[in-house]
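Notes follow once the structure below has been shown.
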Amino acid sequence: MLAAVEEGVDAFDVAMDSMSGLTSQPCLGSIVAALENTAHDPCIDLSSVRLISDYWEQVREQYAAFEPDIRSGASEVYLHEMPGGQFTNLKEQASSLGLAGRWPEVARAYADVNMAFGDLVKVTPSSKVVGDMALMMVTSDTCIEDVLDPDTDIAFPESVVSLFAGELGQPPGGFPRALQKKVLKSREPITVRPGSLLEPADLDNERRKLDEGHEHPVTDFDLASYLMYPKVFTEFRRHREEYGDVGVLPTHVYFYGMQEEEELVATMEDGRKVVIRFLTMGETDDRGYRRIFFEINGQPSSVLIQDRSSESAHHENEQADSANPNHVGAPMPGVISTISVDVGQEVKRGDTLLTMEAMKMETSITAERDATIKRILARIGGQFDAKDLLVEFE
């Protein structure tokens, strides 16, 4: 950064002191201090920098459970060329999928995918596409040769299909033709700027559709969120309607829950202030439920909830037999998003059977041959591990 200043660069990215370093940007306070009293003095008050940094240090502590476990620099960036944000995100994704101990394989797969995809310019979201494919390969023990082999069926993540369909734009030099044909099958790719194909949005009509059947009126913020991220907004609204406005809860309570005898004051929609005091919780029963005891404005109350961390709440899924051509197993751990077939239905090779989602990565599971559906073990919202049986053919 200092060398860039000497060469006349006017602006560059830095991070507040308490948020800087490792895969983040360099430290603002250090650069300001180094340039102080020189011809390139940015005239930024260091005491103000420290004051703001102290604030963000306190905020960061609230989110400590979400910190990536990265404590040193990593020269492996020269292998995989991941942007900093992608590096931390992909490490967390890999850990959540049980691949923490196989990170070197993920990094190698990322490098292989990047080159196979044409050495992409890796920014959000193109870097995520490469990461999704790398995770899918490692979880399913797939090598880059299988990905490139036109005769080997691959369950490509949805983000990969979207990329090769041109929905993110066109890379310099275009896509590798053979791989694009394999990913898209019979689908025709977009060859123009994707935004030019969007129909104009009728904002009044979209607002009316969002308003239908819902108690809370749609705000401009809601409408904009829905138009840009319809799936995310729909899930957010469902959560809000089930649990109410959780924004009234302090950050640590929302993320970590209350401690015994802890008390908080929440402001309700009608302006009333409610004092909630957590007392204790009972033991988990054989169904994975436990009773929570608390007081609301001094009045004792309780509620029965499922403890999803308990062993009773988890069920063993049937395993797919890799030697049985009638078994369709999960290629990766994830949650079932959609099921596109019914028992008794005839499917053709390449037809979508269902979709799975894990850590913002969605993958379509397709039929590898013509068949008739005998059993469907997958269930929407169900959690399945890699190689769990999802569908069985006749």
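In the structure tokens, chains take letters A, B, ... by order of appearance, with residues numbered from 1 within each chain and ligands from 1 in the order shown.
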
Practice prompt. Step one, run DSSP on the backbone; step two, keep only residues of stretch 62-191 of chain A assigned to helix (DSSP H, G or I); then write them as a ChimeraX atom specification.
Written response: /A:62,64-66,77-80,84-96,100-116,126-139,144-148,158-164,177-184

Among stretch 138-289 of chain A, which residues does DSSP mark as strand (DSSP E) when it is run on the backbone? Keep the chain and numbering as in the structure and answer as a PDB file with N, CA and C atoms, in the first residue's frame.
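The resulting result10.pdb:
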```pdb
ATOM      1  N   GLU A 263     -32.424 -11.554  32.389  1.00  0.00           N
ATOM      2  CA  GLU A 263     -33.651 -10.791  32.178  1.00  0.00           C
ATOM      3  C   GLU A 263     -33.436  -9.807  31.041  1.00  0.00           C
ATOM      4  N   LEU A 264     -34.480  -9.617  30.214  1.00  0.00           N
ATOM      5  CA  LEU A 264     -34.387  -8.611  29.154  1.00  0.00           C
ATOM      6  C   LEU A 264     -35.728  -7.906  29.022  1.00  0.00           C
ATOM      7  N   VAL A 265     -35.697  -6.711  28.443  1.00  0.00           N
ATOM      8  CA  VAL A 265     -36.909  -5.927  28.203  1.00  0.00           C
ATOM      9  C   VAL A 265     -37.090  -5.806  26.698  1.00  0.00           C
ATOM     10  N   ALA A 266     -38.226  -6.280  26.193  1.00  0.00           N
ATOM     11  CA  ALA A 266     -38.518  -6.227  24.754  1.00  0.00           C
ATOM     12  C   ALA A 266     -39.697  -5.293  24.524  1.00  0.00           C
ATOM     13  N   THR A 267     -39.618  -4.478  23.471  1.00  0.00           N
ATOM     14  CA  THR A 267     -40.709  -3.567  23.112  1.00  0.00           C
ATOM     15  C   THR A 267     -41.569  -4.234  22.049  1.00  0.00           C
ATOM     16  N   LYS A 273     -43.835  -2.534  26.744  1.00  0.00           N
ATOM     17  CA  LYS A 273     -42.554  -3.120  27.122  1.00  0.00           C
ATOM     18  C   LYS A 273     -42.812  -4.363  27.963  1.00  0.00           C
ATOM     19  N   VAL A 274     -42.159  -5.452  27.596  1.00  0.00           N
ATOM     20  CA  VAL A 274     -42.355  -6.733  28.256  1.00  0.00           C
ATOM     21  C   VAL A 274     -41.041  -7.174  28.884  1.00  0.00           C
ATOM     22  N   VAL A 275     -41.104  -7.527  30.175  1.00  0.00           N
ATOM     23  CA  VAL A 275     -39.920  -8.023  30.879  1.00  0.00           C
ATOM     24  C   VAL A 275     -39.945  -9.549  30.847  1.00  0.00           C
ATOM     25  N   ILE A 276     -38.921 -10.143  30.214  1.00  0.00           N
ATOM     26  CA  ILE A 276     -38.828 -11.595  30.078  1.00  0.00           C
ATOM     27  C   ILE A 276     -37.647 -12.079  30.918  1.00  0.00           C
ATOM     28  N   ARG A 277     -37.902 -13.062  31.765  1.00  0.00           N
ATOM     29  CA  ARG A 277     -36.863 -13.610  32.637  1.00  0.00           C
ATOM     30  C   ARG A 277     -36.792 -15.113  32.435  1.00  0.00           C
ATOM     31  N   PHE A 278     -35.630 -15.596  32.013  1.00  0.00           N
ATOM     32  CA  PHE A 278     -35.440 -17.027  31.794  1.00  0.00           C
ATOM     33  C   PHE A 278     -35.110 -17.696  33.120  1.00  0.00           C
ATOM     34  N   LEU A 279     -35.855 -18.760  33.459  1.00  0.00           N
ATOM     35  CA  LEU A 279     -35.658 -19.456  34.728  1.00  0.00           C
ATOM     36  C   LEU A 279     -34.775 -20.692  34.563  1.00  0.00           C
ATOM     37  N   THR A 280     -35.268 -21.696  33.842  1.00  0.00           N
ATOM     38  CA  THR A 280     -34.487 -22.924  33.665  1.00  0.00           C
ATOM     39  C   THR A 280     -35.139 -23.747  32.565  1.00  0.00           C
ATOM     40  N   MET A 281     -34.549 -24.906  32.279  1.00  0.00           N
ATOM     41  CA  MET A 281     -35.136 -25.805  31.282  1.00  0.00           C
ATOM     42  C   MET A 281     -35.096 -27.236  31.799  1.00  0.00           C
ATOM     43  N   TYR A 289     -37.621 -33.366  22.776  1.00  0.00           N
ATOM     44  CA  TYR A 289     -38.239 -32.119  23.241  1.00  0.00           C
ATOM     45  C   TYR A 289     -37.862 -31.852  24.699  1.00  0.00           C
TER      46      TYR A 289
END
```

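Every protein or nucleic acid residue with an atom no more than 12 Å from A:Ala4, counting only C-alpha atoms and leaving out same-chain residues fewer than 5 positions away, appears here: Val9, Asp10, Ala11, Phe12, Asp13, Ile31 and His40 of chain A.
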
Where does stretch 167-228 of chain A meet stretch 333-356 of chain A within 12 Å, residue by residue, with the nearest atom pair and distance in Å to one decimal for each, counting only C-alpha atoms, listed by chain and rising number, as JSON lines?
```
{"residue": "A:Lys182", "atom": "CA", "partner": "A:Gly350", "partner_atom": "CA", "distance": 11.2}
{"residue": "A:Val183", "atom": "CA", "partner": "A:Gly350", "partner_atom": "CA", "distance": 11.0}
{"residue": "A:Leu184", "atom": "CA", "partner": "A:Gly350", "partner_atom": "CA", "distance": 10.6}
{"residue": "A:Lys185", "atom": "CA", "partner": "A:Gly350", "partner_atom": "CA", "distance": 8.5}
{"residue": "A:Ser186", "atom": "CA", "partner": "A:Gly350", "partner_atom": "CA", "distance": 10.0}
{"residue": "A:Arg187", "atom": "CA", "partner": "A:Gly350", "partner_atom": "CA", "distance": 11.8}
```

Selected residues, C-alpha atoms, written as a PDB file, in the first residue's frame, please.
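The new file again10.pdb reads:
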```pdb
ATOM      1  CA  LYS A 182     -22.056 -31.050 -20.913  1.00  0.00           C
ATOM      2  CA  VAL A 183     -23.277 -28.700 -18.171  1.00  0.00           C
ATOM      3  CA  LEU A 184     -26.221 -27.276 -20.123  1.00  0.00           C
ATOM      4  CA  LYS A 185     -27.222 -30.473 -21.984  1.00  0.00           C
ATOM      5  CA  SER A 186     -29.934 -29.278 -24.412  1.00  0.00           C
ATOM      6  CA  ARG A 187     -30.349 -25.833 -22.856  1.00  0.00           C
TER       7      ARG A 187
END
```

Worksheet item: Pick from A:Leu390, A:Leu2, A:Ile296, A:Leu210: nearest to A:Thr234, with only C-alpha atoms counted?
Response: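 Closest to A:Thr234 of all the choices is A:Leu210.
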
Contacts of A:Ile52 at 9 Å (only C-alpha atoms; same-chain gap of 5+ positions) as a compact mmCIF listing (two decimals) with N, CA and C atoms, in the first residue's frame:
```
# COMPACT_ATOMS: atom_id res chain seq x y z
N MET A 16 -10.92 -1.16 9.05
CA MET A 16 -10.77 -0.62 10.39
C MET A 16 -9.85 -1.56 11.19
N ASP A 17 -9.01 -1.00 12.06
CA ASP A 17 -7.97 -1.77 12.75
C ASP A 17 -8.47 -3.10 13.29
N SER A 47 -6.88 9.46 16.45
CA SER A 47 -7.69 9.21 17.65
C SER A 47 -9.12 8.82 17.26
N GLU A 57 -14.59 -3.40 17.57
CA GLU A 57 -14.05 -4.51 18.35
C GLU A 57 -15.12 -5.08 19.27
```

Worksheet item: Excluding same-chain residues fewer than 3 positions from A:Gln86, what lies within 12 Å of it counting only C-alpha atoms, as a ChimeraX atom specification?
Response: /A:23-24,68,77,80-83,89-94,107,110,122-132
